[in-house]
Amino acid sequence: MRNIPRQILFGAAVTAIVWPLAWSEWEPWTNYTFFPLWFGYILVVDGLTLARSGTSPMSRSVGRFIGLFLLSAPCWWLFEVANERLQNWHYVTSEPVARWENALTSTIAFSTVLPAIFVTAEFFRTLPALRRSVGIVRLELGRVGLIGFIVVGVLMMVAAMVVPDVAFPLVWIGAFFVLDPLNRLIGARSLAADVGRNNWSNVLALFAAGLTCGFFWEMWNIRAMPKWTYSIPHLDMPKLFEMPLIGYGGYFPFALELFAFTQFATWLWLRRPDLYVLPDPSLEPKTARPRWDRWTAEIDGSYNRSGGEHAD
């Protein structure tokens, strides 16, 4: 137990306490459970990532880890603004809440979105299948192609706002089509650069993170109060929790959009490519791998039984 990162133990304890409270009817305390529940999740996954790889977002820089929370809230508020037009989801409360209180509690809740996605994506990058470059197909776009994607992305966003009943899904991909090619053009980190080298590891890790976090968002929401419900045109089909099954497909591009938004924002701040989120091992100095406990090594079956350490 002494080799288990402390954030795993602390995060698990927070989650174990807050989860039953979130699903209880003990008001008003249930109104304030979203942040601690997801904070516990974030700490657990960050700790698992640290145990498996020797690095994690929080261990690299607590200050920049906190920065993800600060950046997350304005990022999600942009989707809330779009939803004023789309009307795809609605919030349900047990009783009326003052506007200032709703804005404050919502902002605190929204602050967990980016950290949750990125610690989960980085955890998936520690798995053997994604630990190194994954080649699928090389997609190298020139300057004209990148500008073309930006134009298409802008048209997607406009269409979603003009004809929301038909084009509402485009809001979940349009922003990525704008921001990621823009990141490539200005020299920020981009997934376009990754796939241009035929390296799909980050894309696949973000896909997995989006779907994983989406599952927990919807699962924890089902018995929570406050909660959200969906009103999605033309999707009268079976649901998993409140979300129509096909709606989970939106979590794939959503994770890509969050990555593109974060890289654009950090480039504006740092004026250089950012390797803090999902660092590329090929571009960073090698970090000495820590001694692994058997409980960690057995997760991916790569325990070197003769030496007691992970084998590369």
# chains A, B, ... in the order shown; residues from 1 in each chain; ligands from 1

$ residues_around --residues "stretch 38-53 of chain A" --least-positions-apart "3" --cutoff "7 Å" --atoms "only C-alpha atoms" --output "PyMOL selection string"
chain A and resi 5+7-8+11-12+14-15+34-35+56-58+112+115-116+119-120+122-123+126+289+296

$ residues_around --residues "A:Val18" --least-positions-apart "6" --cutoff "8 Å" --atoms "only C-alpha atoms" --output "list in words"
Thr33, Pro36 and Leu37 of chain A

$ write_last_selection --atoms "C-alpha atoms" --output "PDB file, in the first residue's frame"
ATOM      1  CA  THR A  33     -21.937  16.925  -4.989  1.00  0.00           C
ATOM      2  CA  PRO A  36     -16.337  16.579  -5.303  1.00  0.00           C
ATOM      3  CA  LEU A  37     -17.581  13.445  -7.072  1.00  0.00           C
TER       4      LEU A  37
END

$ atom_distance --atom1 "atom CA of A:Trp228" --atom2 "atom CA of A:Ala98"
17.6 Å

$ residues_around --residues "A:Val163" --least-positions-apart "6" --cutoff "12 Å" --atoms "only C-alpha atoms" --output "number ranges by chain"
A: 85-86, 155-157, 169-171, 233

$ select_by_dssp --residues "stretch 46-199 of chain A" --states "strand (DSSP E or B)" --output "PDB file with C-alpha atoms, in the first residue's frame"
ATOM      1  CA  TRP A  89     -30.345  19.490 -22.911  1.00  0.00           C
ATOM      2  CA  HIS A  90     -32.170  20.965 -19.946  1.00  0.00           C
ATOM      3  CA  TYR A  91     -31.389  21.127 -16.247  1.00  0.00           C
ATOM      4  CA  VAL A  92     -33.849  19.908 -13.645  1.00  0.00           C
TER       5      VAL A  92
END

$ residues_around --residues "stretch 146-151 of chain A" --least-positions-apart "5" --cutoff "6 Å" --atoms "only C-alpha atoms" --output "PyMOL selection string"
chain A and resi 177-178+181

$ residues_around --residues "A:Ala175" --least-positions-apart "4" --cutoff "10 Å" --atoms "only C-alpha atoms" --output "PDB file with N, CA and C atoms, in the first residue's frame"
ATOM      1  N   ILE A 150     -10.990  24.641 -41.909  1.00  0.00           N
ATOM      2  CA  ILE A 150     -11.468  25.752 -41.080  1.00  0.00           C
ATOM      3  C   ILE A 150     -12.765  26.321 -41.651  1.00  0.00           C
ATOM      4  N   VAL A 152     -14.923  24.788 -43.581  1.00  0.00           N
ATOM      5  CA  VAL A 152     -15.982  23.794 -43.364  1.00  0.00           C
ATOM      6  C   VAL A 152     -16.463  23.833 -41.915  1.00  0.00           C
ATOM      7  N   GLY A 153     -15.530  23.962 -40.977  1.00  0.00           N
ATOM      8  CA  GLY A 153     -15.912  24.033 -39.576  1.00  0.00           C
ATOM      9  C   GLY A 153     -16.776  25.236 -39.268  1.00  0.00           C
ATOM     10  N   VAL A 154     -16.425  26.373 -39.823  1.00  0.00           N
ATOM     11  CA  VAL A 154     -17.236  27.580 -39.621  1.00  0.00           C
ATOM     12  C   VAL A 154     -18.638  27.378 -40.189  1.00  0.00           C
ATOM     13  N   MET A 156     -20.196  24.580 -40.545  1.00  0.00           N
ATOM     14  CA  MET A 156     -20.891  23.642 -39.656  1.00  0.00           C
ATOM     15  C   MET A 156     -21.494  24.365 -38.458  1.00  0.00           C
ATOM     16  N   MET A 157     -20.701  25.244 -37.828  1.00  0.00           N
ATOM     17  CA  MET A 157     -21.183  25.974 -36.658  1.00  0.00           C
ATOM     18  C   MET A 157     -22.339  26.890 -37.027  1.00  0.00           C
ATOM     19  N   LEU A 170     -23.695  19.029 -35.616  1.00  0.00           N
ATOM     20  CA  LEU A 170     -22.475  19.638 -36.148  1.00  0.00           C
ATOM     21  C   LEU A 170     -21.737  20.477 -35.124  1.00  0.00           C
ATOM     22  N   VAL A 171     -22.436  20.891 -34.048  1.00  0.00           N
ATOM     23  CA  VAL A 171     -21.763  21.685 -33.026  1.00  0.00           C
ATOM     24  C   VAL A 171     -20.685  20.863 -32.327  1.00  0.00           C
ATOM     25  N   LEU A 179     -10.609  24.753 -34.892  1.00  0.00           N
ATOM     26  CA  LEU A 179      -9.490  24.999 -33.980  1.00  0.00           C
ATOM     27  C   LEU A 179      -8.268  24.139 -34.272  1.00  0.00           C
ATOM     28  N   ASP A 180      -8.459  22.868 -34.589  1.00  0.00           N
ATOM     29  CA  ASP A 180      -7.277  22.012 -34.764  1.00  0.00           C
ATOM     30  C   ASP A 180      -6.461  22.411 -35.988  1.00  0.00           C
ATOM     31  N   PRO A 253     -15.977  13.129 -30.872  1.00  0.00           N
ATOM     32  CA  PRO A 253     -15.458  14.430 -31.328  1.00  0.00           C
ATOM     33  C   PRO A 253     -15.403  15.466 -30.219  1.00  0.00           C
ATOM     34  N   PHE A 254     -16.255  15.328 -29.199  1.00  0.00           N
ATOM     35  CA  PHE A 254     -16.228  16.275 -28.085  1.00  0.00           C
ATOM     36  C   PHE A 254     -14.857  16.287 -27.418  1.00  0.00           C
ATOM     37  N   LEU A 256     -12.034  15.530 -28.785  1.00  0.00           N
ATOM     38  CA  LEU A 256     -11.092  16.169 -29.705  1.00  0.00           C
ATOM     39  C   LEU A 256     -11.227  17.689 -29.643  1.00  0.00           C
ATOM     40  N   GLU A 257     -12.452  18.177 -29.538  1.00  0.00           N
ATOM     41  CA  GLU A 257     -12.673  19.620 -29.442  1.00  0.00           C
ATOM     42  C   GLU A 257     -12.030  20.180 -28.184  1.00  0.00           C
ATOM     43  N   LEU A 258     -12.158  19.465 -27.077  1.00  0.00           N
ATOM     44  CA  LEU A 258     -11.566  19.939 -25.831  1.00  0.00           C
ATOM     45  C   LEU A 258     -10.044  20.019 -25.948  1.00  0.00           C
ATOM     46  N   ALA A 260      -8.331  20.466 -28.752  1.00  0.00           N
ATOM     47  CA  ALA A 260      -8.006  21.584 -29.647  1.00  0.00           C
ATOM     48  C   ALA A 260      -8.185  22.920 -28.938  1.00  0.00           C
ATOM     49  N   PHE A 261      -9.254  23.059 -28.177  1.00  0.00           N
ATOM     50  CA  PHE A 261      -9.486  24.294 -27.438  1.00  0.00           C
ATOM     51  C   PHE A 261      -8.364  24.546 -26.438  1.00  0.00           C
TER      52      PHE A 261
END

$ select_by_dssp --residues "stretch 61-246 of chain A" --states "alpha helix (DSSP H)" --output "JSON, numbers by chain"
{"A": [62, 63, 64, 65, 66, 67, 68, 69, 70, 71, 72, 73, 74, 75, 76, 77, 78, 79, 80, 81, 82, 83, 84, 85, 86, 99, 100, 101, 102, 103, 104, 105, 106, 107, 108, 109, 110, 113, 114, 115, 116, 117, 118, 119, 120, 121, 122, 123, 124, 125, 143, 144, 145, 146, 147, 148, 149, 150, 151, 152, 153, 154, 155, 156, 157, 158, 159, 160, 161, 162, 164, 165, 166, 167, 171, 172, 173, 174, 175, 176, 177, 178, 179, 180, 181, 182, 183, 184, 185, 186, 191, 192, 193, 194, 195, 196, 201, 202, 203, 204, 205, 206, 207, 208, 209, 210, 211, 212, 213, 214, 215, 216, 217, 218, 219, 220, 221]}

$ write_last_selection --atoms "C-alpha atoms" --output "compact mmCIF listing (two decimals), in the first residue's frame"
# COMPACT_ATOMS: atom_id res chain seq x y z
CA VAL A 62 0.20 21.22 -9.61
CA GLY A 63 -0.14 24.81 -10.79
CA ARG A 64 -0.88 23.88 -14.39
CA PHE A 65 -3.13 21.06 -13.21
CA ILE A 66 -5.18 23.69 -11.35
CA GLY A 67 -5.05 25.75 -14.54
CA LEU A 68 -7.00 23.02 -16.34
CA PHE A 69 -9.86 23.53 -13.87
CA LEU A 70 -9.77 27.28 -14.45
CA LEU A 71 -9.78 26.86 -18.23
CA SER A 72 -12.47 24.18 -18.17
CA ALA A 73 -15.35 26.33 -16.95
CA PRO A 74 -15.23 28.99 -19.72
CA CYS A 75 -14.74 26.21 -22.27
CA TRP A 76 -17.95 24.44 -21.26
CA TRP A 77 -19.86 27.73 -20.92
CA LEU A 78 -19.36 28.13 -24.69
CA PHE A 79 -21.39 24.95 -25.18
CA GLU A 80 -24.01 26.27 -22.78
CA VAL A 81 -24.28 29.42 -24.89
CA ALA A 82 -24.72 27.27 -28.00
CA ASN A 83 -27.38 25.24 -26.24
CA GLU A 84 -29.45 28.37 -25.73
CA ARG A 85 -30.12 28.03 -29.44
CA LEU A 86 -29.98 24.24 -29.76
CA ARG A 99 -29.59 32.92 -10.84
CA TRP A 100 -26.32 33.89 -9.15
CA GLU A 101 -26.22 30.63 -7.20
CA ASN A 102 -26.95 28.60 -10.32
CA ALA A 103 -24.18 30.41 -12.22
CA LEU A 104 -21.69 29.84 -9.40
CA THR A 105 -22.45 26.16 -8.79
CA SER A 106 -22.55 25.49 -12.55
CA THR A 107 -19.16 27.14 -13.07
CA ILE A 108 -17.65 25.05 -10.29
CA ALA A 109 -19.14 21.89 -11.79
CA PHE A 110 -17.98 22.77 -15.32
CA VAL A 113 -14.60 18.69 -17.60
CA LEU A 114 -11.10 19.27 -19.01
CA PRO A 115 -9.20 17.61 -16.13
CA ALA A 116 -11.48 14.55 -16.31
CA ILE A 117 -11.01 14.10 -20.05
CA PHE A 118 -7.25 14.63 -20.04
CA VAL A 119 -6.33 12.48 -17.04
CA THR A 120 -8.46 9.71 -18.56
CA ALA A 121 -6.89 10.11 -22.00
CA GLU A 122 -3.40 10.03 -20.50
CA PHE A 123 -4.32 6.90 -18.55
CA PHE A 124 -5.31 5.21 -21.80
CA ARG A 125 -1.96 6.27 -23.26
CA ARG A 143 -1.94 24.89 -45.95
CA VAL A 144 -4.83 24.95 -48.42
CA GLY A 145 -6.32 21.79 -46.94
CA LEU A 146 -6.09 23.16 -43.40
CA ILE A 147 -7.78 26.40 -44.42
CA GLY A 148 -10.44 24.36 -46.19
CA PHE A 149 -11.20 22.47 -42.96
CA ILE A 150 -11.47 25.75 -41.08
CA VAL A 151 -14.00 27.03 -43.62
CA VAL A 152 -15.98 23.79 -43.36
CA GLY A 153 -15.91 24.03 -39.58
CA VAL A 154 -17.24 27.58 -39.62
CA LEU A 155 -20.03 26.55 -41.99
CA MET A 156 -20.89 23.64 -39.66
CA MET A 157 -21.18 25.97 -36.66
CA VAL A 158 -23.31 28.43 -38.63
CA ALA A 159 -25.59 25.63 -39.86
CA ALA A 160 -26.04 24.33 -36.31
CA MET A 161 -27.18 27.77 -35.17
CA VAL A 162 -29.36 28.53 -38.21
CA PRO A 164 -30.68 23.53 -35.12
CA ASP A 165 -33.43 20.94 -35.62
CA VAL A 166 -31.46 19.42 -38.50
CA ALA A 167 -27.83 20.42 -38.01
CA VAL A 171 -21.76 21.68 -33.03
CA TRP A 172 -19.86 18.64 -31.69
CA ILE A 173 -17.41 18.55 -34.59
CA GLY A 174 -17.46 22.03 -36.13
CA ALA A 175 -15.35 23.65 -33.42
CA PHE A 176 -12.70 20.95 -33.83
CA PHE A 177 -12.60 21.52 -37.60
CA VAL A 178 -11.92 25.19 -36.89
CA LEU A 179 -9.49 25.00 -33.98
CA ASP A 180 -7.28 22.01 -34.76
CA PRO A 181 -6.26 23.15 -38.28
CA LEU A 182 -5.79 26.65 -36.86
CA ASN A 183 -3.49 25.21 -34.20
CA ARG A 184 -1.50 23.49 -36.94
CA LEU A 185 -1.15 26.75 -38.88
CA ILE A 186 -0.01 28.87 -35.92
CA LEU A 191 -3.98 16.32 -33.88
CA ALA A 192 -3.59 17.22 -37.55
CA ALA A 193 0.17 17.15 -37.01
CA ASP A 194 -0.13 13.76 -35.29
CA VAL A 195 -2.10 12.09 -38.07
CA GLY A 196 0.16 13.79 -40.61
CA SER A 201 -2.35 7.35 -30.39
CA ASN A 202 -3.65 10.64 -29.02
CA VAL A 203 -6.79 10.54 -31.18
CA LEU A 204 -7.64 7.02 -29.99
CA ALA A 205 -6.84 7.88 -26.36
CA LEU A 206 -9.12 10.93 -26.56
CA PHE A 207 -11.88 8.83 -28.14
CA ALA A 208 -11.61 6.35 -25.27
CA ALA A 209 -11.53 9.15 -22.70
CA GLY A 210 -14.58 10.85 -24.19
CA LEU A 211 -16.62 7.66 -24.11
CA THR A 212 -15.42 6.72 -20.61
CA CYS A 213 -16.16 10.12 -19.10
CA GLY A 214 -19.44 10.22 -21.03
CA PHE A 215 -20.49 6.96 -19.42
CA PHE A 216 -19.72 8.26 -15.92
CA TRP A 217 -21.36 11.64 -16.62
CA GLU A 218 -24.57 9.94 -17.70
CA MET A 219 -24.47 7.20 -15.07
CA TRP A 220 -23.91 9.56 -12.13
CA ASN A 221 -26.53 11.92 -13.54

$ closest_residue --among "A:Gln87, A:Trp200, A:Pro96, A:Pro244" --to "A:Arg138" --atoms "only C-alpha atoms"
A:Trp200

$ closest_residue --among "A:Leu245, A:Thr262, A:Asn88, A:Leu21" --to "A:Ile232" --atoms "only C-alpha atoms"
A:Asn88

$ atom_distance --atom1 "atom CA of A:Arg271" --atom2 "atom CA of A:Ala188"
8.0 Å

$ closest_residue --among "A:Met243, A:Ala255, A:Ile222, A:Leu139" --to "A:Asn198" --atoms "only C-alpha atoms"
A:Leu139

$ atom_distance --atom1 "atom CA of A:Trp267" --atom2 "atom CA of A:Arg189"
8.2 Å

$ residues_around --residues "A:Glu27" --least-positions-apart "3" --cutoff "12 Å" --atoms "only C-alpha atoms" --output "NGL selection string"
:A and (21-24 or 30-33 or 93-95 or 224-226)

$ write_last_selection --atoms "N, CA and C atoms" --output "compact mmCIF listing (two decimals), in the first residue's frame"
# COMPACT_ATOMS: atom_id res chain seq x y z
N LEU A 21 -24.18 10.18 -1.40
CA LEU A 21 -24.83 11.46 -1.09
C LEU A 21 -25.46 12.06 -2.34
N ALA A 22 -24.76 11.95 -3.49
CA ALA A 22 -25.28 12.51 -4.74
C ALA A 22 -26.59 11.84 -5.15
N TRP A 23 -26.74 10.56 -4.82
CA TRP A 23 -27.94 9.81 -5.20
C TRP A 23 -28.99 9.79 -4.09
N SER A 24 -28.71 10.46 -3.00
CA SER A 24 -29.68 10.51 -1.91
C SER A 24 -30.64 11.68 -2.14
N THR A 30 -27.20 17.50 -1.64
CA THR A 30 -27.08 16.86 -2.96
C THR A 30 -26.81 17.88 -4.06
N ASN A 31 -27.14 19.14 -3.82
CA ASN A 31 -26.92 20.18 -4.84
C ASN A 31 -25.45 20.49 -5.07
N TYR A 32 -24.58 20.03 -4.17
CA TYR A 32 -23.18 20.43 -4.22
C TYR A 32 -22.24 19.22 -4.35
N THR A 33 -22.74 18.15 -4.93
CA THR A 33 -21.94 16.93 -4.99
C THR A 33 -21.21 16.73 -6.32
N THR A 93 -34.10 20.90 -11.45
CA THR A 93 -33.81 21.10 -10.03
C THR A 93 -35.06 20.78 -9.21
N SER A 94 -34.85 20.42 -7.98
CA SER A 94 -35.98 20.08 -7.12
C SER A 94 -36.76 21.31 -6.68
N GLU A 95 -36.10 22.45 -6.71
CA GLU A 95 -36.74 23.71 -6.35
C GLU A 95 -36.02 24.85 -7.06
N ALA A 224 -29.19 11.73 -9.82
CA ALA A 224 -28.74 12.95 -9.14
C ALA A 224 -29.84 14.00 -9.15
N MET A 225 -29.66 14.98 -8.30
CA MET A 225 -30.54 16.14 -8.29
C MET A 225 -29.73 17.30 -7.72
N PRO A 226 -29.49 18.34 -8.51
CA PRO A 226 -29.97 18.60 -9.87
C PRO A 226 -29.43 17.58 -10.89

$ residues_around --residues "A:Ile246" --least-positions-apart "5" --cutoff "10 Å" --atoms "only C-alpha atoms" --output "list in words"
Leu235, Met237, Pro238, Lys239 and Leu240 of chain A

$ write_last_selection --atoms "N, CA and C atoms" --output "PDB file, in the first residue's frame"
ATOM      1  N   LEU A 235     -34.373  11.529 -32.504  1.00  0.00           N
ATOM      2  CA  LEU A 235     -33.630  10.447 -31.857  1.00  0.00           C
ATOM      3  C   LEU A 235     -34.516   9.728 -30.849  1.00  0.00           C
ATOM      4  N   MET A 237     -35.158   6.664 -29.644  1.00  0.00           N
ATOM      5  CA  MET A 237     -34.545   5.341 -29.653  1.00  0.00           C
ATOM      6  C   MET A 237     -34.183   4.950 -28.225  1.00  0.00           C
ATOM      7  N   PRO A 238     -33.744   3.697 -28.019  1.00  0.00           N
ATOM      8  CA  PRO A 238     -33.380   3.263 -26.664  1.00  0.00           C
ATOM      9  C   PRO A 238     -32.299   4.151 -26.055  1.00  0.00           C
ATOM     10  N   LYS A 239     -32.362   4.270 -24.735  1.00  0.00           N
ATOM     11  CA  LYS A 239     -31.422   5.105 -24.010  1.00  0.00           C
ATOM     12  C   LYS A 239     -30.549   4.260 -23.085  1.00  0.00           C
ATOM     13  N   LEU A 240     -29.385   4.782 -22.804  1.00  0.00           N
ATOM     14  CA  LEU A 240     -28.565   4.307 -21.696  1.00  0.00           C
ATOM     15  C   LEU A 240     -28.496   5.449 -20.706  1.00  0.00           C
TER      16      LEU A 240
END
